[in-house]
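run25.cif follows (mmCIF, C-alpha atoms):
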```cif
data_data
loop_
_atom_site.label_atom_id
_atom_site.label_comp_id
_atom_site.auth_asym_id
_atom_site.auth_seq_id
_atom_site.Cartn_x
_atom_site.Cartn_y
_atom_site.Cartn_z
CA MET A 54 7.49 -3.39 -1.08
CA LYS A 55 7.30 -0.33 -3.32
CA VAL A 56 8.70 0.44 -6.76
CA GLU A 57 10.93 3.19 -5.37
CA GLU A 58 12.53 0.74 -2.93
CA VAL A 59 13.42 -1.63 -5.76
CA LEU A 60 14.84 1.25 -7.82
CA GLN A 61 17.03 2.41 -4.93
CA CYS A 62 18.56 -1.10 -4.77
CA SER A 63 19.55 -0.95 -8.44
CA LEU A 64 23.36 -0.98 -8.47
CA PRO A 65 23.74 2.01 -10.84
CA SER A 66 21.65 4.02 -8.36
CA TRP A 67 23.85 3.46 -5.31
CA TYR A 68 27.34 2.74 -6.69
CA SER A 69 28.69 6.31 -6.71
CA GLN A 70 27.76 6.76 -3.04
CA PHE A 71 29.56 3.57 -1.94
CA GLU A 72 32.32 3.36 -4.54
CA LYS A 73 35.09 3.37 -1.93
CA VAL A 74 33.72 0.39 0.03
CA THR A 75 32.70 -1.95 -2.79
CA PHE A 76 34.30 -3.66 -5.79
CA SER A 77 35.43 -1.57 -8.75
CA THR A 78 32.51 -1.34 -11.18
CA VAL A 79 31.59 0.10 -14.58
CA CYS A 80 27.93 0.46 -15.58
CA ILE A 81 27.28 0.32 -19.34
CA SER A 82 23.88 1.47 -20.58
CA LEU A 83 22.05 -1.30 -22.47
CA PRO A 84 20.91 -0.14 -25.93
CA GLY A 85 17.39 -0.97 -27.07
CA GLU A 86 18.54 -3.55 -29.62
CA VAL A 87 20.54 -5.42 -26.98
CA LEU A 88 17.55 -5.40 -24.62
CA ASP A 89 15.37 -6.83 -27.42
CA TYR A 90 17.96 -9.53 -28.07
CA LEU A 91 18.12 -10.54 -24.39
CA ARG A 92 14.34 -10.60 -24.09
CA GLU A 93 13.53 -12.61 -27.19
CA ASP A 94 12.86 -16.34 -27.02
CA GLY A 95 14.15 -18.82 -29.53
CA LEU A 96 17.48 -20.30 -30.54
CA MET A 97 20.62 -19.48 -28.60
CA VAL A 98 22.47 -17.57 -31.30
CA LEU A 99 25.33 -15.40 -30.11
CA PRO A 100 26.03 -12.03 -31.79
CA LYS A 101 28.42 -11.78 -34.74
CA GLU A 102 31.08 -10.20 -32.54
CA CYS A 103 31.50 -13.61 -30.87
CA ASN A 104 32.36 -15.42 -34.11
CA ASN A 105 36.09 -14.81 -33.83
CA GLU A 106 36.08 -16.41 -30.38
CA SER A 107 34.54 -19.66 -31.63
CA TYR A 108 36.38 -22.66 -33.06
CA ASP A 109 37.04 -22.03 -36.74
CA GLY A 110 36.68 -25.63 -37.90
CA LYS A 111 36.97 -26.90 -41.46
CA GLU A 112 34.40 -28.99 -43.27
CA GLU A 113 36.56 -32.13 -43.18
CA ASP A 114 36.61 -31.94 -39.38
CA TYR A 115 32.90 -32.82 -39.36
CA GLU A 116 32.90 -35.86 -41.69
CA GLU A 117 31.56 -38.11 -38.94
CA PHE A 118 28.33 -36.09 -38.84
CA GLY A 119 27.42 -37.11 -42.36
CA ASP A 120 26.42 -34.92 -45.31
CA THR A 121 25.93 -31.27 -44.44
CA ASP A 122 24.80 -28.41 -46.64
CA TRP A 123 27.31 -25.84 -45.43
CA ASN A 124 26.02 -23.02 -47.61
CA ASP A 125 22.48 -23.28 -46.21
CA ASP A 126 23.81 -23.32 -42.64
CA ASP A 127 25.92 -20.23 -43.28
CA ASN A 128 22.97 -18.34 -44.75
CA GLN A 129 20.67 -19.37 -41.89
CA GLN A 130 23.24 -18.38 -39.27
CA GLU A 131 23.81 -15.01 -40.93
CA ASN A 132 20.08 -14.31 -40.99
CA GLU A 133 19.67 -15.23 -37.32
CA GLN A 134 22.76 -13.54 -35.92
CA LYS A 135 22.44 -10.06 -34.47
CA SER A 136 25.27 -7.58 -34.25
CA PHE A 137 26.02 -4.93 -31.61
CA PRO A 138 29.48 -3.67 -32.60
CA GLU A 139 29.58 -0.46 -30.54
CA PHE A 140 28.17 -2.04 -27.38
CA SER A 141 30.40 -5.12 -27.68
CA GLN A 142 33.45 -2.96 -28.26
CA GLU A 143 32.68 -0.95 -25.13
CA VAL A 144 32.28 -4.15 -23.11
CA MET A 145 35.57 -5.53 -24.41
CA LYS A 146 37.33 -2.29 -23.51
CA VAL A 147 36.10 -2.53 -19.91
CA MET A 148 37.08 -6.20 -19.73
CA LYS A 149 40.57 -5.37 -20.97
CA ASN A 150 40.94 -2.58 -18.40
CA TYR A 151 39.99 -5.07 -15.69
CA GLY A 152 42.64 -7.55 -16.76
CA GLY A 153 40.41 -9.69 -18.97
CA GLU A 154 38.30 -11.31 -16.21
CA VAL A 155 35.05 -9.79 -14.94
CA PHE A 156 31.84 -10.44 -13.05
CA ILE A 157 28.60 -9.31 -14.72
CA LYS A 158 25.04 -8.57 -13.69
CA LEU A 159 22.18 -6.27 -14.60
CA ASN A 160 20.69 -3.62 -12.33
CA TRP A 161 19.58 -6.15 -9.72
CA SER A 162 20.39 -9.75 -10.60
CA SER A 163 23.40 -11.67 -11.81
CA PRO A 164 23.05 -14.76 -14.04
CA LYS A 165 24.18 -17.06 -11.22
CA ASP A 166 21.42 -19.51 -12.11
CA ALA A 167 23.04 -20.07 -15.51
CA THR A 168 26.58 -21.04 -14.50
CA TRP A 169 25.84 -24.61 -15.57
CA VAL A 170 26.09 -23.47 -19.22
CA ALA A 171 29.31 -21.50 -18.66
CA PHE A 172 32.58 -22.80 -20.07
CA ASN A 173 34.20 -22.66 -16.62
CA ASN A 174 31.05 -23.48 -14.61
CA ASN A 175 31.23 -20.20 -12.67
CA MET A 176 30.49 -16.50 -13.07
CA LYS A 177 33.94 -15.46 -14.32
CA CYS A 178 33.74 -13.98 -17.82
CA SER A 179 36.82 -13.63 -19.98
CA SER A 180 35.16 -13.36 -23.41
CA LEU A 181 32.11 -11.89 -25.11
CA SER A 182 30.78 -15.40 -25.79
CA GLN A 183 30.73 -16.22 -22.09
CA LEU A 184 29.07 -12.92 -21.27
CA TYR A 185 26.25 -13.20 -23.81
CA LEU A 186 25.75 -16.91 -23.08
CA LEU A 187 25.23 -16.27 -19.35
CA LEU A 188 22.88 -13.34 -19.91
CA LYS A 189 20.75 -15.20 -22.49
CA SER A 190 20.51 -18.38 -20.37
CA SER A 191 19.49 -16.80 -17.07
CA ASP A 192 15.96 -16.82 -15.66
CA PHE A 193 17.04 -14.21 -13.12
CA VAL A 194 18.11 -11.81 -15.87
CA ALA A 195 14.88 -12.51 -17.79
CA HIS A 196 12.90 -11.58 -14.67
CA ASP A 197 14.79 -8.31 -14.30
CA LEU A 198 14.06 -7.43 -17.91
CA SER A 199 10.38 -8.41 -17.95
CA MET A 200 8.86 -7.84 -14.52
CA PRO A 201 11.25 -6.24 -12.01
CA PHE A 202 8.38 -4.77 -9.96
CA SER A 203 6.04 -7.77 -9.94
CA SER A 204 6.04 -7.93 -6.12
CA CYS A 205 5.50 -4.20 -5.59
CA GLU A 206 2.16 -3.10 -4.20
CA ASP A 207 2.20 0.16 -6.18
CA CYS A 208 3.41 -1.30 -9.49
CA ARG A 209 2.00 0.22 -12.69
CA PRO A 210 2.37 -1.22 -16.21
CA GLU A 211 4.49 1.70 -17.36
CA ASP A 212 7.02 1.37 -14.51
CA SER A 213 8.95 -1.45 -16.22
CA GLU A 214 9.10 0.52 -19.46
CA ASN A 215 10.80 3.45 -17.72
CA VAL A 216 13.73 1.49 -16.24
CA SER A 217 17.18 2.52 -17.45
CA TYR A 218 18.86 -0.86 -17.77
CA SER A 219 22.63 -1.26 -17.47
CA LEU A 220 25.15 -4.02 -17.82
CA VAL A 221 27.15 -3.94 -14.60
CA VAL A 222 30.75 -5.05 -15.12
CA ARG A 223 32.90 -5.60 -12.03
CA LYS A 224 36.54 -6.53 -11.75
CA TRP A 225 36.77 -10.24 -11.01
CA VAL A 226 37.80 -11.02 -7.45
CA ASP A 227 37.98 -14.55 -6.03
CA VAL A 228 35.69 -14.44 -2.99
CA ASN A 229 35.62 -17.26 -0.47
CA PRO A 230 31.90 -18.15 -0.02
CA GLY A 231 32.61 -18.69 3.69
CA THR A 232 33.28 -14.96 4.05
CA GLU A 233 29.97 -13.76 2.58
CA PHE A 234 27.11 -12.52 4.76
CA ARG A 235 23.60 -11.20 4.23
CA CYS A 236 22.49 -8.46 6.62
CA TRP A 237 18.94 -7.25 7.30
CA VAL A 238 18.34 -3.63 8.24
CA ALA A 239 14.92 -2.74 9.67
CA ASP A 240 13.98 0.88 10.34
CA GLY A 241 17.63 1.95 10.24
CA ARG A 242 18.83 -0.80 12.60
CA LEU A 243 20.93 -3.87 11.81
CA VAL A 244 18.67 -6.63 13.16
CA ALA A 245 20.06 -9.84 11.64
CA ALA A 246 22.93 -11.37 9.69
CA CYS A 247 23.52 -14.79 8.18
CA GLN A 248 26.12 -16.71 6.22
CA ARG A 249 25.34 -16.26 2.53
CA ASP A 250 26.22 -19.80 1.42
CA THR A 251 23.88 -22.13 3.33
CA SER A 252 24.90 -25.20 1.31
CA ASN A 253 28.22 -25.56 3.19
CA TYR A 254 29.47 -25.78 6.77
CA TYR A 255 32.28 -23.37 7.69
CA PRO A 256 33.92 -24.21 11.06
CA HIS A 257 35.65 -20.82 11.33
CA LEU A 258 32.33 -18.99 11.75
CA ALA A 259 31.82 -20.34 15.29
CA LYS A 260 35.39 -19.48 16.27
CA GLU A 261 35.10 -15.92 14.94
CA GLU A 262 31.49 -15.20 15.90
CA ALA A 263 32.28 -12.29 18.22
CA SER A 264 34.63 -10.53 15.78
CA ILE A 265 32.20 -11.13 12.89
CA ARG A 266 29.42 -9.41 14.85
CA GLN A 267 31.72 -6.50 15.65
CA ASP A 268 32.99 -6.08 12.10
CA LEU A 269 29.50 -6.18 10.54
CA ALA A 270 28.16 -3.70 13.10
CA SER A 271 31.12 -1.34 12.66
CA PHE A 272 30.86 -1.40 8.87
CA PHE A 273 27.15 -0.69 9.01
CA GLN A 274 27.52 2.22 11.43
CA GLU A 275 30.54 3.79 9.76
CA GLN A 276 29.85 3.23 6.06
CA VAL A 277 26.15 2.59 5.44
CA VAL A 278 23.72 4.00 8.01
CA ASP A 279 22.32 7.42 7.03
CA LYS A 280 23.95 7.08 3.59
CA PHE A 281 21.62 4.58 1.95
CA PRO A 282 18.25 6.29 1.34
CA LEU A 283 15.99 3.46 2.55
CA LYS A 284 15.22 2.67 6.19
CA SER A 285 14.58 -1.04 5.66
CA TYR A 286 16.64 -3.11 3.21
CA VAL A 287 18.98 -6.10 2.85
CA MET A 288 22.73 -5.75 2.42
CA ASP A 289 25.21 -8.34 1.12
CA VAL A 290 28.84 -8.06 2.18
CA THR A 291 32.03 -10.09 2.30
CA ARG A 292 34.49 -10.13 5.20
CA PRO A 293 37.79 -11.44 3.81
CA ARG A 294 39.59 -10.93 7.12
CA LYS A 295 39.19 -9.36 10.56
CA ASP A 296 38.44 -5.61 10.47
CA LYS A 297 37.81 -5.72 6.70
CA VAL A 298 34.31 -5.70 5.19
CA ILE A 299 33.42 -5.02 1.54
CA LEU A 300 29.96 -4.11 0.29
CA VAL A 301 28.61 -6.42 -2.42
CA ASP A 302 25.01 -5.37 -3.05
CA PHE A 303 21.73 -3.99 -1.71
CA ASN A 304 18.38 -5.80 -1.97
CA PRO A 305 14.83 -4.70 -1.16
CA TRP A 306 13.23 -5.69 2.14
CA GLY A 307 10.65 -8.35 1.30
CA ASP A 308 10.07 -11.97 0.45
CA THR A 309 11.54 -11.61 -3.04
CA THR A 310 14.91 -11.49 -1.25
CA ASP A 311 16.01 -14.89 0.09
CA SER A 312 15.77 -14.98 3.90
CA LEU A 313 18.28 -17.89 4.07
CA LEU A 314 18.38 -19.36 7.63
CA PHE A 315 15.64 -16.98 8.81
CA SER A 316 11.98 -16.70 7.91
CA TRP A 317 10.49 -13.37 6.92
CA GLU A 318 8.05 -13.70 9.80
CA GLU A 319 11.01 -13.79 12.21
CA LEU A 320 12.71 -10.85 10.54
CA GLU A 321 9.59 -8.70 10.66
CA GLU A 322 9.38 -9.21 14.43
CA MET A 323 13.01 -8.32 15.19
CA THR A 324 12.79 -4.85 16.67
CA GLU A 325 14.89 -4.97 19.84
CA GLY A 326 18.06 -6.57 21.20
CA GLU A 327 21.43 -7.24 19.63
CA THR A 328 21.92 -8.29 16.03
CA CYS A 329 20.98 -11.94 15.54
CA LEU A 330 23.77 -13.82 13.74
CA ARG A 331 22.97 -17.23 12.28
CA TYR A 332 25.23 -19.75 10.64
CA ILE A 333 25.34 -23.51 10.18
CA ARG A 334 26.86 -24.93 13.36
CA GLU A 335 27.46 -28.51 12.21
CA SER A 336 27.96 -30.34 8.94
CA GLY A 337 24.55 -31.99 9.20
CA GLY A 338 22.81 -28.63 9.05
CA VAL A 339 23.71 -27.73 5.47
CA ARG A 340 20.96 -27.07 2.95
CA PRO A 341 20.78 -28.03 -0.75
CA HIS A 342 22.29 -25.49 -3.09
CA PRO A 343 19.57 -22.94 -3.92
CA TYR A 344 20.31 -23.02 -7.66
CA ARG A 345 20.37 -26.80 -8.12
CA HIS A 346 16.98 -26.65 -9.90
CA TYR A 347 18.51 -24.55 -12.68
CA SER A 348 21.08 -27.13 -13.78
CA LEU A 349 18.79 -30.10 -14.57
CA PRO A 350 15.16 -30.60 -15.59
CA ARG A 351 12.97 -30.18 -12.50
CA ASP A 352 11.55 -33.72 -12.76
CA MET A 353 15.04 -35.20 -12.52
CA VAL A 354 15.83 -33.08 -9.47
CA ASP A 355 12.59 -34.16 -7.78
CA LEU A 356 13.35 -37.83 -8.46
CA ALA A 357 16.91 -37.58 -7.20
CA SER A 358 16.05 -35.67 -4.03
CA GLY A 359 12.78 -37.45 -3.21
CA THR A 360 10.91 -34.14 -2.84
CA ASP A 361 8.00 -35.40 -4.97
CA PRO A 362 7.09 -38.98 -3.96
CA TYR A 363 4.36 -39.23 -6.60
CA LYS A 364 6.89 -38.77 -9.39
CA LEU A 365 9.04 -41.48 -7.81
CA MET A 366 6.03 -43.84 -7.62
CA ASP A 367 5.17 -43.16 -11.28
CA PHE A 368 8.78 -43.79 -12.25
CA LEU A 369 8.86 -47.15 -10.38
CA LYS A 370 5.57 -48.21 -11.98
CA LEU A 371 6.90 -47.31 -15.41
CA LYS A 372 10.08 -49.25 -14.70
CA GLU A 373 8.04 -52.27 -13.58
CA ARG A 374 5.89 -52.18 -16.72
CA THR A 375 8.99 -51.85 -18.87
CA GLU A 376 10.64 -54.82 -17.21
CA CYS A 377 7.48 -56.88 -17.57
CA GLY A 378 7.34 -55.96 -21.24
CA ASP A 379 10.95 -57.06 -21.68
CA ASP A 380 10.19 -60.40 -19.98
CA ASP A 381 7.18 -61.03 -22.26
CA SER A 382 9.30 -60.15 -25.29
CA ASP A 383 12.04 -62.52 -24.21
CA GLN A 384 9.50 -65.29 -23.65
CA SER A 385 8.01 -64.78 -27.12
CA ASP A 386 11.47 -64.90 -28.66
CA GLN A 387 12.17 -68.21 -26.92
CA GLU A 388 8.89 -69.71 -28.15
#
```
Output the file's structure in the form of structure tokens.
Amino acid sequence: MKVEEVLQCSLPSWYSQFEKVTFSTVCISLPGEVLDYLREDGLMVLPKECNNESYDGKEEDYEEFGDTDWNDDDNQQENEQKSFPEFSQEVMKVMKNYGGEVFIKLNWSSPKDATWVAFNNNMKCSSLSQLYLLLKSSDFVAHDLSMPFSSCEDCRPEDSENVSYSLVVRKWVDVNPGTEFRCWVADGRLVAACQRDTSNYYPHLAKEEASIRQDLASFFQEQVVDKFPLKSYVMDVTRPRKDKVILVDFNPWGDTTDSLLFSWEELEEMTEGETCLRYIRESGGVRPHPYRHYSLPRDMVDLASGTDPYKLMDFLKLKERTECGDDDSDQSDQE
């Protein structure tokens, strides 16, 4: 994978060429102070422009929390809060033009790993608070901002500094996950396709397999081939109905892009024959949701799923020692 390939997959780079076959989008350049805010570690403090969206409680509403020095809190919050009035105003204008509900991402990644902190538990943004909260909470966004070319063989330290970052704002559209597909293009040829959501079984895929193949192939030949500058890449699309395919995104060819039901070894060897379409054929074939690790501490996920038996053994030993300690304590109390 090369730096130029990653740059070509940046949405602001390809949107104008494919505007008619993808979702309506506005790309807003990210000012330096907003980039610094998104990159910095520390407390989750939303910008001042979000204050009017928050609950404006009164001091008596918080009596149950005990004594509070409200003046100190106000001063501390004011010192910590940043403000981006022009940028926030531009974002709000775009949101209003799109009916008040939008999908957001940066050049490459969306904060889909951070939906667990969202008010509505999904990617739909209807306020500045939701937008900033998702962006600040996402590991995917942090990766885009800090090391977008980490897997590139020709990466230089200055490459990341020269990226023109944008906030990508798209009109919100409810997309059925069962209609989303990832397609792999190798040397200008559509070699493979797969259902995008591998955590669910969709019975209609088997019934419509032939028409799905035809629609994906037709869309690729008529709308994409010879128009996208790379020869090998990954393309995400949605097929809401027969004879209708909408472009979602482009991704670089390489192991940084999820291969889903394939392996990258398989994909690299696909050079001849018809496009290989894979989907989950029975309910027992579903896989865990790929972002489950981002909603709970990793240790809790490992314990619940049994993926790390040593953690489970340590937990059982700790539980046994705790119970033994409780028994000894009870015995001492009785004596």
For range 155-166 of chain A, take all atoms listed in the file, fit an axis-aligned box around them, add 3 Å to each of the six sides, then output centre and edge lengths in Å rounded to one decimal, as JSON.
```
{"center_x": 27.3, "center_y": -11.6, "center_z": -12.3, "size_x": 21.5, "size_y": 21.9, "size_z": 11.2}
```
* Asked: Using the chain letters and numbers from the file, which residues does the PyMOL selection byres ((chain A and resi 228) around 12) grab, as a ChimeraX atom specification?
  -> /A:76,156,176-177,224-227,229-234,249-250,290-294,299,301
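Proximity to Asp197 in chain A at 10 Å, evaluated using all atoms listed in the file and with sequence-adjacent residues fewer than 2 positions away removed, yields Leu159, Asn160, Trp161, Ser162, Ser163, Asp192, Phe193, Val194, Ala195, Ser199, Met200, Pro201, Phe202, Ser203, Ser213 and Tyr218 of chain A.
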Written as a compact mmCIF listing (two decimals) with C-alpha atoms, in the frame of the given file, which residues does the PyMOL selection byres ((chain A and resi 68) around 12) give for the file shown?
```
# COMPACT_ATOMS: atom_id res chain seq x y z
CA GLN A 61 17.03 2.41 -4.93
CA CYS A 62 18.56 -1.10 -4.77
CA SER A 63 19.55 -0.95 -8.44
CA LEU A 64 23.36 -0.98 -8.47
CA PRO A 65 23.74 2.01 -10.84
CA SER A 66 21.65 4.02 -8.36
CA TRP A 67 23.85 3.46 -5.31
CA SER A 69 28.69 6.31 -6.71
CA GLN A 70 27.76 6.76 -3.04
CA PHE A 71 29.56 3.57 -1.94
CA GLU A 72 32.32 3.36 -4.54
CA LYS A 73 35.09 3.37 -1.93
CA VAL A 74 33.72 0.39 0.03
CA THR A 75 32.70 -1.95 -2.79
CA PHE A 76 34.30 -3.66 -5.79
CA SER A 77 35.43 -1.57 -8.75
CA THR A 78 32.51 -1.34 -11.18
CA VAL A 79 31.59 0.10 -14.58
CA CYS A 80 27.93 0.46 -15.58
CA ASN A 160 20.69 -3.62 -12.33
CA VAL A 221 27.15 -3.94 -14.60
CA VAL A 222 30.75 -5.05 -15.12
CA ARG A 223 32.90 -5.60 -12.03
CA LYS A 280 23.95 7.08 3.59
CA PHE A 281 21.62 4.58 1.95
CA LEU A 300 29.96 -4.11 0.29
CA VAL A 301 28.61 -6.42 -2.42
CA ASP A 302 25.01 -5.37 -3.05
CA PHE A 303 21.73 -3.99 -1.71
```
* To do: Apply the PyMOL selection byres ((chain A and resi 141-154) around 7) to the structure shown and report the selected residues as a VMD selection string.
  => chain A and resid 137 to 140 155 177 to 179 224 to 225
* To do: Might you pull out every residue within 10 Å of Ser204 in chain A, with all atoms listed in the file counted and same-chain residues fewer than 3 positions away left off, and present them as a PyMOL selection string?
  => chain A and resi 54-56+59+200-201+207-208+307-309
* Structure fact -> One residue among A:His257, A:Arg209, A:Arg331, A:Lys284 is nearest to Arg242 in chain A when using all atoms listed in the file, and that residue is A:Lys284
* **One-decimal distance in Å that lies between CA of Val244 in chain A and CA of Ala259 in chain A** => 19.1 Å
Per-residue nearest contacts range 156-192 of chain A to range 92-95 of chain A, cut-off 12 Å, using only C-alpha atoms, as a Markdown table:
```
| residue | atom | partner | partner_atom | distance |
| --- | --- | --- | --- | --- |
| A:Leu188 | CA | A:Arg92 | CA | 9.9 |
| A:Lys189 | CA | A:Arg92 | CA | 8.1 |
| A:Ser190 | CA | A:Asp94 | CA | 10.3 |
| A:Ser191 | CA | A:Arg92 | CA | 10.7 |
| A:Asp192 | CA | A:Arg92 | CA | 10.6 |
```
* Polymer residues at most 6 Å from Ala245 in chain A, only C-alpha atoms, same-chain spacing of 3 or more positions, as number ranges by chain -> A: 236-237, 328-330
* May I ask which of the residues A:Glu322, A:Glu57, A:Asp268, A:Glu106 is the closest one to Val216 in chain A, counting all atoms listed in the file? =>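 Among A:Glu322, A:Glu57, A:Asp268, A:Glu106, it is A:Glu57 that comes nearest to Val216 in chain A.
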* **Which of A:Leu269, A:Met97, A:Ile81, A:Ser136 sits closest to Leu187 in chain A [using all atoms listed in the file]** =>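 Selected residue with least distance to Leu187 in chain A: A:Met97.
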* To do: Rounded to one decimal place, report the CA of Leu283 in chain A-CA of Thr324 in chain A distance in Å.
  =>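 One can read the CA of Leu283 in chain A to CA of Thr324 in chain A distance as 16.7 Å.
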* Of the candidates A:Ala263, A:Val170, A:Cys247, A:Leu99, which one gets nearest to Ser182 in chain A if we count all atoms listed in the file? -> A:Leu99
* One-decimal distance in Å that lies between CA of Ile265 in chain A and CA of Ala246 in chain A -> 9.8 Å
* Rank nothing, just name the residue among A:Gly337, A:Thr251, A:Gln274, A:Pro282 nearest to Ser312 in chain A, using only C-alpha atoms. => A:Thr251
* Asked: Smallest atom-to-atom distance to Val238 in chain A: which of A:Asp296, A:Glu335, A:Glu133, A:Asp279, using all atoms listed in the file?
  ->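 Among A:Asp296, A:Glu335, A:Glu133, A:Asp279, it is A:Asp279 that comes nearest to Val238 in chain A.
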